[in-house]
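To be precise, the following lines are start28.tsv, and they hold TSV, C-alpha atoms.
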```tsv
chain	number	residue	atom	x	y	z
A	284	MET	CA	-18.01	-29.77	11.51
A	285	LEU	CA	-16.06	-27.16	13.48
A	286	TYR	CA	-13.07	-29.48	13.47
A	287	ARG	CA	-13.17	-29.79	9.67
A	288	ILE	CA	-13.45	-26.03	9.14
A	289	THR	CA	-10.58	-25.38	11.55
A	290	ILE	CA	-8.40	-27.97	9.82
A	291	THR	CA	-9.21	-26.53	6.40
A	292	ILE	CA	-8.35	-22.98	7.45
A	293	THR	CA	-5.16	-24.08	9.20
A	294	SER	CA	-4.09	-26.12	6.17
A	295	LEU	CA	-4.59	-23.13	3.89
A	296	ILE	CA	-2.48	-20.93	6.14
A	297	LEU	CA	0.33	-23.48	6.39
A	298	THR	CA	0.30	-24.09	2.66
A	299	MET	CA	0.18	-20.49	1.46
A	300	ALA	CA	2.10	-18.60	4.18
A	301	CYS	CA	5.46	-19.70	2.78
A	302	SER	CA	5.52	-16.81	0.29
A	303	LEU	CA	7.83	-13.90	1.12
A	304	SER	CA	7.47	-10.16	0.62
A	305	PRO	CA	10.35	-8.14	-0.94
A	306	THR	CA	11.65	-7.45	2.58
A	307	GLY	CA	11.64	-11.16	3.46
A	308	ARG	CA	8.47	-11.09	5.56
A	309	ARG	CA	6.31	-14.23	5.46
A	310	GLN	CA	2.88	-13.50	4.03
A	311	LEU	CA	-0.42	-15.13	3.15
A	312	THR	CA	-1.50	-14.71	-0.50
A	313	LEU	CA	-4.52	-16.79	-1.52
A	314	MET	CA	-5.73	-14.84	-4.56
A	315	PRO	CA	-4.43	-15.41	-8.12
A	316	GLU	CA	-2.46	-12.35	-9.21
A	317	ALA	CA	-4.22	-12.32	-12.59
A	318	GLN	CA	-7.56	-11.95	-10.84
A	319	LEU	CA	-6.24	-9.09	-8.69
A	320	ALA	CA	-4.87	-7.37	-11.79
A	321	LYS	CA	-8.29	-7.58	-13.41
A	322	MET	CA	-9.90	-6.14	-10.27
A	323	GLY	CA	-7.32	-3.34	-10.22
A	324	ASP	CA	-7.97	-2.49	-13.87
A	325	GLN	CA	-11.72	-2.42	-13.32
A	326	SER	CA	-11.40	-0.14	-10.28
A	327	PHE	CA	-9.08	2.20	-12.16
A	328	GLU	CA	-11.44	2.43	-15.12
A	329	GLN	CA	-14.38	3.09	-12.80
A	330	MET	CA	-12.52	5.86	-11.02
A	331	GLN	CA	-11.79	7.58	-14.34
A	332	LYS	CA	-15.53	7.64	-15.05
A	333	GLN	CA	-16.38	9.08	-11.65
A	334	GLN	CA	-13.60	11.61	-11.13
A	335	GLN	CA	-12.29	14.42	-13.31
A	336	LEU	CA	-8.91	13.93	-14.94
A	337	SER	CA	-6.37	16.74	-15.10
A	338	ALA	CA	-5.99	18.36	-18.52
A	339	ASP	CA	-2.83	20.27	-17.57
A	340	PRO	CA	-0.11	19.01	-19.98
A	341	LYS	CA	2.72	20.23	-17.73
A	342	VAL	CA	1.42	18.34	-14.71
A	343	ILE	CA	0.74	15.21	-16.78
A	344	LYS	CA	4.25	15.31	-18.29
A	345	ARG	CA	5.78	15.82	-14.84
A	346	ILE	CA	3.92	12.89	-13.23
A	347	ASN	CA	4.62	10.61	-16.20
A	348	CYS	CA	8.33	11.38	-15.98
A	349	ILE	CA	8.49	10.66	-12.25
A	350	SER	CA	6.37	7.50	-12.62
A	351	GLN	CA	8.48	6.22	-15.52
A	352	ARG	CA	11.65	6.49	-13.48
A	353	ILE	CA	10.05	4.69	-10.53
A	354	VAL	CA	8.57	1.92	-12.67
A	355	SER	CA	11.74	1.45	-14.71
A	356	SER	CA	13.70	1.00	-11.49
A	357	MET	CA	11.51	-1.89	-10.33
A	358	SER	CA	13.31	-4.26	-12.69
A	359	GLU	CA	15.33	-4.05	-15.90
A	360	ASP	CA	12.62	-5.68	-18.00
A	361	ASN	CA	9.71	-3.60	-16.66
A	362	ASP	CA	8.04	-1.90	-19.63
A	363	PHE	CA	6.57	1.47	-18.66
A	364	SER	CA	4.36	1.44	-21.76
A	365	GLU	CA	2.30	-1.29	-20.06
A	366	TRP	CA	1.44	1.06	-17.19
A	367	ASP	CA	-1.50	3.46	-17.14
A	368	VAL	CA	-0.78	6.72	-15.29
A	369	LYS	CA	-3.48	9.31	-14.66
A	370	VAL	CA	-3.65	12.60	-12.75
A	371	PHE	CA	-6.97	13.25	-11.00
A	372	GLU	CA	-8.37	16.64	-10.07
A	373	ASP	CA	-8.67	16.12	-6.33
A	374	LYS	CA	-7.46	18.13	-3.33
A	375	ALA	CA	-6.40	14.98	-1.45
A	376	ILE	CA	-2.65	14.88	-0.81
A	377	ASN	CA	-2.28	11.35	-2.06
A	378	ALA	CA	-1.60	8.90	-4.86
A	379	PHE	CA	-2.29	5.21	-5.39
A	380	ALA	CA	-1.25	2.21	-7.46
A	381	THR	CA	-3.23	-0.93	-8.19
A	382	PRO	CA	-2.47	-4.43	-9.41
A	383	GLY	CA	-2.82	-4.34	-13.17
A	384	LYS	CA	-0.11	-1.65	-13.49
A	385	ASN	CA	-2.09	1.50	-12.77
A	386	ILE	CA	-0.91	4.68	-11.03
A	387	GLY	CA	-3.17	7.54	-9.98
A	388	VAL	CA	-1.92	10.85	-8.61
A	389	PHE	CA	-4.13	13.56	-7.12
A	390	THR	CA	-3.46	17.22	-7.90
A	391	GLY	CA	-3.51	17.85	-4.14
A	392	LEU	CA	-0.23	15.96	-3.89
A	393	VAL	CA	1.29	17.96	-6.73
A	394	ASP	CA	0.31	21.20	-4.99
A	395	ALA	CA	1.50	20.13	-1.53
A	396	ALA	CA	4.81	18.55	-2.50
A	397	LYS	CA	7.85	20.82	-2.45
A	398	SER	CA	9.82	18.84	-5.04
A	399	ASN	CA	9.73	16.00	-7.55
A	400	ASP	CA	11.60	13.93	-4.97
A	401	GLN	CA	8.67	14.23	-2.54
A	402	ILE	CA	6.19	13.22	-5.24
A	403	ALA	CA	8.47	10.28	-6.08
A	404	ALA	CA	8.43	9.26	-2.41
A	405	VAL	CA	4.64	8.90	-2.51
A	406	ILE	CA	4.52	7.15	-5.89
A	407	GLY	CA	7.32	4.82	-4.78
A	408	HIS	CA	5.39	4.01	-1.61
A	409	GLU	CA	2.23	3.19	-3.57
A	410	VAL	CA	4.08	1.04	-6.09
A	411	GLY	CA	5.70	-0.65	-3.10
A	412	HIS	CA	2.27	-1.88	-2.03
A	413	VAL	CA	1.84	-3.53	-5.43
A	414	LEU	CA	5.33	-5.03	-5.43
A	415	ALA	CA	4.74	-6.52	-1.99
A	416	LYS	CA	1.32	-7.91	-3.00
A	417	HIS	CA	-0.34	-6.15	-0.06
A	418	GLY	CA	-3.74	-6.15	-1.78
A	419	ASN	CA	-3.59	-9.92	-2.10
A	420	GLU	CA	-2.51	-10.27	1.50
A	421	ARG	CA	-5.26	-8.00	2.81
A	422	ILE	CA	-7.97	-9.91	0.95
A	423	SER	CA	-6.50	-13.22	2.13
A	424	GLN	CA	-6.44	-12.05	5.75
A	425	THR	CA	-10.07	-10.96	5.50
A	426	LEU	CA	-11.08	-14.35	4.09
A	427	ILE	CA	-9.30	-16.14	6.93
A	428	VAL	CA	-10.88	-13.91	9.59
A	429	GLN	CA	-14.34	-14.43	8.09
A	430	GLY	CA	-13.73	-18.17	8.05
A	431	GLY	CA	-12.72	-18.04	11.72
A	432	LEU	CA	-15.91	-16.17	12.62
A	433	VAL	CA	-18.01	-18.77	10.81
A	434	ALA	CA	-16.32	-21.50	12.84
A	435	ALA	CA	-16.93	-19.56	16.05
A	436	ASP	CA	-20.58	-19.09	15.13
A	437	ILE	CA	-21.03	-22.85	14.78
A	438	ALA	CA	-19.42	-23.45	18.17
A	439	LEU	CA	-21.67	-21.01	20.02
A	440	ASP	CA	-24.82	-21.84	21.94
A	441	SER	CA	-27.58	-21.55	19.33
A	442	GLU	CA	-30.26	-21.43	22.07
A	443	ASN	CA	-29.18	-17.97	23.18
A	444	PRO	CA	-29.12	-15.74	20.05
A	445	ARG	CA	-28.49	-12.51	22.00
A	446	LYS	CA	-25.47	-14.00	23.71
A	447	ASN	CA	-24.21	-15.34	20.38
A	448	GLN	CA	-24.47	-11.92	18.75
A	449	MET	CA	-22.57	-10.29	21.61
A	450	ILE	CA	-19.76	-12.84	21.44
A	451	LEU	CA	-19.51	-12.59	17.65
A	452	ALA	CA	-19.41	-8.80	17.88
A	453	ALA	CA	-16.56	-9.06	20.37
A	454	LEU	CA	-14.74	-11.51	18.14
A	455	GLY	CA	-15.17	-9.16	15.21
A	456	VAL	CA	-13.71	-6.25	17.15
A	457	GLY	CA	-10.90	-8.46	18.38
A	458	ALA	CA	-10.10	-9.57	14.85
A	459	GLN	CA	-10.18	-5.99	13.59
A	460	LEU	CA	-7.83	-4.62	16.25
A	461	GLY	CA	-5.70	-7.70	16.69
A	462	ILE	CA	-5.20	-8.82	13.10
A	463	LEU	CA	-6.45	-6.58	10.29
A	464	LEU	CA	-5.37	-3.14	11.50
A	465	PRO	CA	-1.90	-4.14	12.72
A	466	TYR	CA	-1.25	-5.92	9.45
A	467	SER	CA	-2.36	-2.84	7.57
A	468	ARG	CA	0.07	-0.72	9.56
A	469	LYS	CA	2.76	-3.30	8.84
A	470	HIS	CA	1.95	-3.00	5.15
A	471	GLU	CA	2.27	0.77	5.28
A	472	SER	CA	5.63	0.57	7.03
A	473	GLU	CA	6.86	-2.05	4.59
A	474	ALA	CA	5.71	0.06	1.61
A	475	ASP	CA	7.57	3.03	3.13
A	476	HIS	CA	10.76	0.95	3.22
A	477	ILE	CA	10.33	-0.44	-0.29
A	478	GLY	CA	9.27	2.92	-1.70
A	479	GLN	CA	12.20	4.81	-0.17
A	480	ASN	CA	14.69	2.37	-1.67
A	481	LEU	CA	12.82	2.36	-4.98
A	482	MET	CA	12.84	6.15	-5.29
A	483	ALA	CA	16.55	6.12	-4.47
A	484	LYS	CA	17.17	3.58	-7.22
A	485	ALA	CA	15.23	5.89	-9.56
A	486	GLY	CA	17.62	8.74	-8.73
A	487	PHE	CA	15.39	10.66	-6.31
A	488	ASN	CA	16.83	11.81	-2.99
A	489	PRO	CA	15.37	9.51	-0.28
A	490	GLU	CA	15.58	12.31	2.30
A	491	ALA	CA	12.49	13.69	0.56
A	492	ALA	CA	10.41	10.84	2.00
A	493	VAL	CA	11.19	12.13	5.49
A	494	GLU	CA	10.50	15.70	4.41
A	495	PHE	CA	7.14	14.75	2.94
A	496	TRP	CA	5.98	13.04	6.13
A	497	GLN	CA	7.04	16.05	8.13
A	498	ILE	CA	4.62	18.03	5.95
A	499	MET	CA	1.92	15.40	6.44
A	500	LYS	CA	2.44	15.42	10.18
A	501	GLN	CA	1.34	19.05	10.20
A	502	GLN	CA	-1.67	18.19	8.01
A	503	LYS	CA	-3.04	15.27	10.05
A	504	ASN	CA	-4.59	17.03	13.01
A	505	GLY	CA	-7.21	14.91	14.73
A	506	GLN	CA	-5.73	11.60	13.57
A	507	PRO	CA	-7.00	8.65	15.67
A	508	PRO	CA	-4.59	6.88	18.04
A	509	GLU	CA	-2.15	4.69	16.14
A	510	PHE	CA	-3.56	1.45	17.59
A	511	LEU	CA	-6.97	2.33	16.08
A	512	SER	CA	-5.61	3.44	12.71
A	513	THR	CA	-4.87	1.57	9.52
A	514	HIS	CA	-1.77	3.75	9.09
A	515	PRO	CA	1.21	4.31	11.39
A	516	ALA	CA	1.36	7.70	13.07
A	517	ALA	CA	3.27	10.28	11.04
A	518	GLN	CA	6.10	10.42	13.60
A	519	SER	CA	6.43	6.63	13.50
A	520	ARG	CA	6.82	6.80	9.74
A	521	ILE	CA	9.39	9.57	10.02
A	522	ASP	CA	11.39	7.54	12.54
A	523	ASN	CA	11.28	4.41	10.36
A	524	LEU	CA	12.26	6.32	7.22
A	525	ASN	CA	15.16	7.93	9.06
A	526	GLU	CA	16.26	4.49	10.24
A	527	ASN	CA	16.31	3.25	6.62
A	528	LEU	CA	17.90	6.43	5.27
A	529	LYS	CA	21.51	5.21	5.33
A	530	GLU	CA	20.65	2.19	3.18
A	531	ALA	CA	18.55	4.31	0.81
A	532	GLN	CA	21.26	6.98	0.49
A	533	GLU	CA	23.78	4.36	-0.60
A	534	ILE	CA	21.37	3.25	-3.33
A	535	TYR	CA	20.77	6.88	-4.34
A	536	GLN	CA	24.48	7.69	-4.63
A	537	GLN	CA	24.95	4.69	-6.91
A	538	ASN	CA	22.09	5.64	-9.23
A	539	LYS	CA	21.51	9.42	-9.25
A	540	ALA	CA	23.79	10.07	-12.24
A	541	ARG	CA	21.79	7.69	-14.45
A	542	PHE	CA	18.73	9.94	-14.78
A	543	SER	CA	17.82	13.25	-16.34
A	544	SER	CA	15.73	15.68	-14.32
A	545	CYS	CA	11.94	15.65	-14.61
A	546	PRO	CA	10.09	18.92	-15.25
A	547	SER	CA	8.86	20.73	-12.16
```
Rewrite the structure of this file - the entire thing - as structure tokens.
Amino acid sequence: MLYRITITITSLILTMACSLSPTGRRQLTLMPEAQLAKMGDQSFEQMQKQQQLSADPKVIKRINCISQRIVSSMSEDNDFSEWDVKVFEDKAINAFATPGKNIGVFTGLVDAAKSNDQIAAVIGHEVGHVLAKHGNERISQTLIVQGGLVAADIALDSENPRKNQMILAALGVGAQLGILLPYSRKHESEADHIGQNLMAKAGFNPEAAVEFWQIMKQQKNGQPPEFLSTHPAAQSRIDNLNENLKEAQEIYQQNKARFSSCPS
């Protein structure tokens, strides 16, 4: 039985891991994209019922302008009218994007950002997660880890339940620290790279991504050690963004004249 489960899981990994992210990284994506889009739409609709939307027309116009430039830069045939963009009244300095073409921006980000370029850096990062199918990959990784724990459970000594529980707990911690969290940090770093290039293609200065994370570094007092976090440390992100800055600046110089300024 254990042998069959192991073979099944291994076969799935070997079959599906041939897909590549936009940066060329091999990734595991088991979920149909249409199903993820439906889940993203449902989550976005639910959030609108639970959280207050901004009624400020200036803020809404500003975020729509920035989002349109980011989305339009993803590909020539990307229709912004298919995207749903909302501004939520929330002090969190954040934004998000979901499969299903949804973008949410919190007013806390609008207040904290010093420029449209910094807002574009965050929106570009969040859209980068969607472009790279990170949601699909995260769900797929979780399914594989759960399958591995089931196989381990079968292999354990069923006559000693306490021992079994201790071993499974250790395996769970090992999977969390060894697989799920590092991959999540890898996703964040990859989305930073994609987002910085995407904002540059949309005519926003990619230096603003570095500037924004310098602001966030001051905000994130008490952050857990990087190896226990789902996100890279702020300084790690700053270093990685600086490393990619030359490439992003070349993209920016080629595209900045194509766009009109968004309201601020």
Residue with smallest distance to Ile534 in chain A - pool A:Phe487, A:Ala317, A:Ala396, A:Met499, counting all atoms listed in the file
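Among A:Phe487, A:Ala317, A:Ala396, A:Met499, it is A:Phe487 that comes nearest to Ile534 in chain A.
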Contact residues around range 372-378 of chain A with all atoms listed in the file at 8 Å, ignoring same-chain residues under 4 positions, as a list in words
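Residues meeting the cut-off are Gln334, Gln335, Leu336, Ser337, Ile386, Gly387, Val388, Phe389, Thr390, Gly391, Leu392, Val393, Ala395, Val405, Ile406 and Glu409 of chain A.
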Can you pull out every residue within 10 Å of Lys397 in chain A, counting all atoms listed in the file, but drop anything in the same chain fewer than 6 positions away, and send it as an NGL selection string?
:A and (491 or 494-495 or 498 or 547)
When distances are computed from only C-alpha atoms, which of A:Gln351, A:Thr513, A:Asn480, A:Gln329 shows the smallest separation from Lys529 in chain A?
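Between A:Gln351, A:Thr513, A:Asn480, A:Gln329, the residue approaching Lys529 in chain A most closely is A:Asn480.
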Suppose you want the space between CA of Ala540 in chain A and CA of Gly486 in chain A; what is it in Å?
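Atom-to-atom, CA of Ala540 in chain A to CA of Gly486 in chain A, that is 7.2 Å.
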Could you tell me which of A:Arg309, A:Arg468, A:Lys369, A:Lys384 comes closest to Ala517 in chain A if we count only C-alpha atoms?
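Smallest separation from Ala517 in chain A among the options: A:Arg468.
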Rounded to one decimal, what separation in Å do you get between CA of Arg345 in chain A and CA of Asp362 in chain A?
18.5 Å
If you measure from CA of Pro382 in chain A to CA of Ala531 in chain A, what distance in Å do you get, rounded to one decimal?
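We find that CA of Pro382 in chain A and CA of Ala531 in chain A lie 25.0 Å from each other.
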Taking 3 positions as the minimum chain separation for residues in the same chain, which residues sit within 10 Å of Phe363 in chain A when counting only C-alpha atoms? Answer as a PyMOL selection string.
chain A and resi 347+350-355+360+366-368+384
Using all atoms listed in the file, which of the listed residues (A:Ser423, A:Gln429, A:Ser326, A:Asn525) sits closest to Phe379 in chain A?
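With all atoms listed in the file as the atom set, the closest residue is A:Ser326.
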Select, from A:Phe371, A:Ile521, A:Trp496, A:Ala474, the residue with the minimum atom-to-atom distance to Lys332 in chain A, counting all atoms listed in the file.
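Counting all atoms listed in the file, the residue closest to Lys332 in chain A is A:Phe371.
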Taking into account all atoms listed in the file, which residue in the set A:Ala483, A:Val413, A:Ala516, A:Ile477 is nearest to Arg541 in chain A?
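For Arg541 in chain A, the nearest of the candidates is A:Ala483.
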May I have the residues within 7 Å of Ala403 in chain A as a VMD selection string, using all atoms listed in the file and disregarding those fewer than 4 positions away in the same chain?
chain A and resid 349 399 407 482 487
Would you mind exporting range 470-503 of chain A with N, CA and C atoms, as a short mmCIF file (atom, residue, chain, number, x, y, z; two decimals), in the first residue's frame?
```cif
data_model
loop_
_atom_site.label_atom_id
_atom_site.label_comp_id
_atom_site.auth_asym_id
_atom_site.auth_seq_id
_atom_site.Cartn_x
_atom_site.Cartn_y
_atom_site.Cartn_z
N HIS A 470 8.61 32.19 -3.71
CA HIS A 470 7.54 32.84 -4.46
C HIS A 470 7.60 34.35 -4.29
N GLU A 471 7.81 34.80 -3.06
CA GLU A 471 7.85 36.24 -2.81
C GLU A 471 9.01 36.88 -3.57
N SER A 472 10.16 36.24 -3.55
CA SER A 472 11.32 36.78 -4.25
C SER A 472 11.09 36.78 -5.76
N GLU A 473 10.46 35.74 -6.25
CA GLU A 473 10.18 35.67 -7.69
C GLU A 473 9.16 36.74 -8.08
N ALA A 474 8.14 36.94 -7.25
CA ALA A 474 7.14 37.98 -7.53
C ALA A 474 7.78 39.37 -7.47
N ASP A 475 8.75 39.57 -6.59
CA ASP A 475 9.49 40.83 -6.55
C ASP A 475 10.18 41.08 -7.90
N HIS A 476 10.83 40.05 -8.41
CA HIS A 476 11.56 40.16 -9.69
C HIS A 476 10.58 40.45 -10.82
N ILE A 477 9.53 39.64 -10.92
CA ILE A 477 8.54 39.82 -11.99
C ILE A 477 7.88 41.19 -11.86
N GLY A 478 7.48 41.55 -10.64
CA GLY A 478 6.79 42.81 -10.43
C GLY A 478 7.64 44.02 -10.75
N GLN A 479 8.92 43.97 -10.42
CA GLN A 479 9.81 45.10 -10.69
C GLN A 479 9.96 45.30 -12.20
N ASN A 480 10.10 44.21 -12.94
CA ASN A 480 10.19 44.33 -14.40
C ASN A 480 8.87 44.75 -15.01
N LEU A 481 7.77 44.27 -14.42
CA LEU A 481 6.44 44.61 -14.94
C LEU A 481 6.13 46.09 -14.73
N MET A 482 6.45 46.62 -13.56
CA MET A 482 6.21 48.04 -13.31
C MET A 482 7.07 48.89 -14.24
N ALA A 483 8.30 48.42 -14.51
CA ALA A 483 9.18 49.15 -15.42
C ALA A 483 8.60 49.16 -16.83
N LYS A 484 8.05 48.05 -17.24
CA LYS A 484 7.42 47.97 -18.57
C LYS A 484 6.20 48.86 -18.64
N ALA A 485 5.55 49.10 -17.49
CA ALA A 485 4.38 49.98 -17.43
C ALA A 485 4.77 51.45 -17.26
N GLY A 486 6.07 51.75 -17.31
CA GLY A 486 6.53 53.12 -17.25
C GLY A 486 6.68 53.69 -15.86
N PHE A 487 6.78 52.82 -14.85
CA PHE A 487 7.02 53.26 -13.48
C PHE A 487 8.48 53.00 -13.13
N ASN A 488 9.09 53.92 -12.42
CA ASN A 488 10.52 53.81 -12.09
C ASN A 488 10.75 52.65 -11.13
N PRO A 489 11.52 51.63 -11.54
CA PRO A 489 11.71 50.44 -10.70
C PRO A 489 12.51 50.71 -9.43
N GLU A 490 13.18 51.86 -9.34
CA GLU A 490 13.86 52.21 -8.10
C GLU A 490 12.86 52.35 -6.95
N ALA A 491 11.60 52.62 -7.29
CA ALA A 491 10.58 52.80 -6.27
C ALA A 491 10.31 51.51 -5.50
N ALA A 492 10.57 50.36 -6.12
CA ALA A 492 10.40 49.09 -5.41
C ALA A 492 11.38 49.00 -4.25
N VAL A 493 12.60 49.45 -4.48
CA VAL A 493 13.60 49.47 -3.41
C VAL A 493 13.19 50.48 -2.34
N GLU A 494 12.75 51.64 -2.78
CA GLU A 494 12.33 52.68 -1.83
C GLU A 494 11.19 52.20 -0.95
N PHE A 495 10.24 51.50 -1.55
CA PHE A 495 9.08 51.03 -0.78
C PHE A 495 9.51 50.05 0.30
N TRP A 496 10.43 49.13 -0.04
CA TRP A 496 10.85 48.15 0.95
C TRP A 496 11.75 48.75 2.02
N GLN A 497 12.35 49.87 1.71
CA GLN A 497 13.07 50.59 2.76
C GLN A 497 12.08 51.17 3.77
N ILE A 498 10.93 51.62 3.27
CA ILE A 498 9.86 52.09 4.16
C ILE A 498 9.32 50.93 4.99
N MET A 499 9.10 49.79 4.34
CA MET A 499 8.55 48.62 5.03
C MET A 499 9.52 48.06 6.06
N LYS A 500 10.80 48.19 5.78
CA LYS A 500 11.80 47.72 6.74
C LYS A 500 11.66 48.45 8.07
N GLN A 501 11.33 49.71 8.02
CA GLN A 501 11.13 50.50 9.24
C GLN A 501 9.82 50.13 9.92
N GLN A 502 8.85 49.63 9.14
CA GLN A 502 7.54 49.28 9.69
C GLN A 502 7.53 47.93 10.39
N LYS A 503 8.38 47.00 9.96
CA LYS A 503 8.27 45.60 10.36
C LYS A 503 9.10 45.26 11.59
#
```
